[in-house]
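Engineer: Input: one structure, supplied below.
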Amino acid sequence: MKAVIQRVSQASVTVNSKIVGEISKGTVVLLGVENGDGEEDALWLAKKIAEVRMFGDSEGKMNLALQDVGGSVLAVSQFTLAGNCEKGRRPSFTSAAPSDEGNRLYQFFVQALREKGLRVETGIFQTDMKVSLINDGPVTFILESRRKGRET
């Protein structure tokens with residue numbers, strides 16, 4: 001699984017001109033599910049996102065996590081994170097999980113975040129979404145669940 005996480009002061013996702021998910025201070029998570037990903041990957045990412053210190057303390061140092069600042073998560077499925085642009089001009093999506101498995105693991109990931117006590121808003125899987133955000137910092141990180149030598 002791959003996730004792009006961005007610290008935001010506000011964010012929303014719109015489907016068919018209707019806001020379906022909206023947060024103020026928190027993190028936008030763009031989540032890509034790949035072939036071979038499983039629940040262990042989703043749990044690892046949920047734990048990492050809940051605990052990563054990406055918010056400033058009183059001295060402006062990134063020492064605070066989502067729960068420390070009362071932040072929320074806007075989780076948006078984004079299969080294009082599994083795209084490979086190494087050959088040719090058209091991305092290949094052969095490493096993306098089939099949609100039914102991608103949706104199952106996306107929903108599992110969202111539930112894992114909620115079980116960590118986080119308020120989570122979502123987009124709608126496999127729809128054309130418009131994501132709007134104000135990136136705070138900007139602060140953006142890329143996380144990959146299957147990276148070798150990862151810490152817990």
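All residue names refer to the structure tokens as shown: chains lettered A, B, ... in order, residues numbered from 1 in each chain, ligands numbered from 1 in order.
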For A:Ile19, please output as a VMD selection string all residues within 10 Å (counting only C-alpha atoms; exclusion window: fewer than 3 positions along the same chain).

Structural biologist: chain A and resid 12 to 16 22 123 129 to 131

Engineer: Quick one: everything within 7 Å of stretch 56-73 of chain A, counting only C-alpha atoms, minus sequence neighbours fewer than 5 positions away in the same chain. Send it as a list of chain:residue names.

Structural biologist: A:Ile23, A:Lys25, A:Gly26, A:Thr27, A:Val28, A:Val29, A:Ala50, A:Glu51, A:Leu118, A:Arg119, A:Val120, A:Glu121

Engineer: Would you kindly return, as a PyMOL selection string, each protein, DNA or RNA residue with an atom no farther than 9 Å from any atom of A:Ile5, considering only C-alpha atoms and excluding same-chain residues fewer than 3 positions away?

Structural biologist: chain A and resi 27-31+49+139-143

Engineer: DSSP on the backbone, then: every residue of chain A marked strand (DSSP E), written as a ChimeraX atom specification.

Structural biologist: /A:2-15,18-23,26-32,55-56,62-64,72-77,119-122,130-144

Engineer: For the atom pair atom CA of A:Asp136 and atom CA of A:Thr122, what is the interatomic distance in Å to one decimal place?

Structural biologist: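 Calculated distance between atom CA of A:Asp136 and atom CA of A:Thr122 is 19.5 Å.
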
Engineer: Hey, could you make a per-residue contact list for stretch 6-34 of chain A against stretch 86-97 of chain A with 9 Å as the cut-off, showing the nearest pair of atoms and its distance in Å to one decimal, counting only C-alpha atoms, sorted by chain and number, as a Markdown table?

Structural biologist:
| residue | atom | partner | partner_atom | distance |
| --- | --- | --- | --- | --- |
| A:Gly32 | CA | A:Ala96 | CA | 7.7 |
| A:Val33 | CA | A:Ala97 | CA | 5.7 |
| A:Glu34 | CA | A:Ala96 | CA | 4.3 |

Engineer: May I ask which of the residues A:Glu115, A:Phe79, A:Leu133, A:Gln126 is the closest one to A:Leu43, counting only C-alpha atoms?

Structural biologist: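 Looking only at the distances to A:Leu43, the closest residue turns out to be A:Glu115.
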
Engineer: Taking only C-alpha atoms into account, name the residue in A:Ala112, A:Ile124, A:Leu105, A:Leu74 that is nearest to A:Val8.

Structural biologist: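 Between A:Ala112, A:Ile124, A:Leu105, A:Leu74, the residue approaching A:Val8 most closely is A:Leu74.
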
Engineer: May I have all residues of chain A that DSSP, computed from the backbone, assigns to alpha helix (DSSP H), given as a ChimeraX atom specification?

Structural biologist: /A:39-51,66-69,99-115

Engineer: Suppose you want the space between atom CA of A:Ile134 and atom CA of A:Phe55; what is it in Å?

Structural biologist: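 According to the coordinates, atom CA of A:Ile134 and atom CA of A:Phe55 are separated by 14.6 Å.
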
Engineer: Find, counting only C-alpha atoms, the residue in A:Gly137, A:Asn35, A:Gln6, A:Gly21 that gets nearest to A:Gly83.

Structural biologist: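 Closest to A:Gly83, using only C-alpha atoms: A:Asn35.
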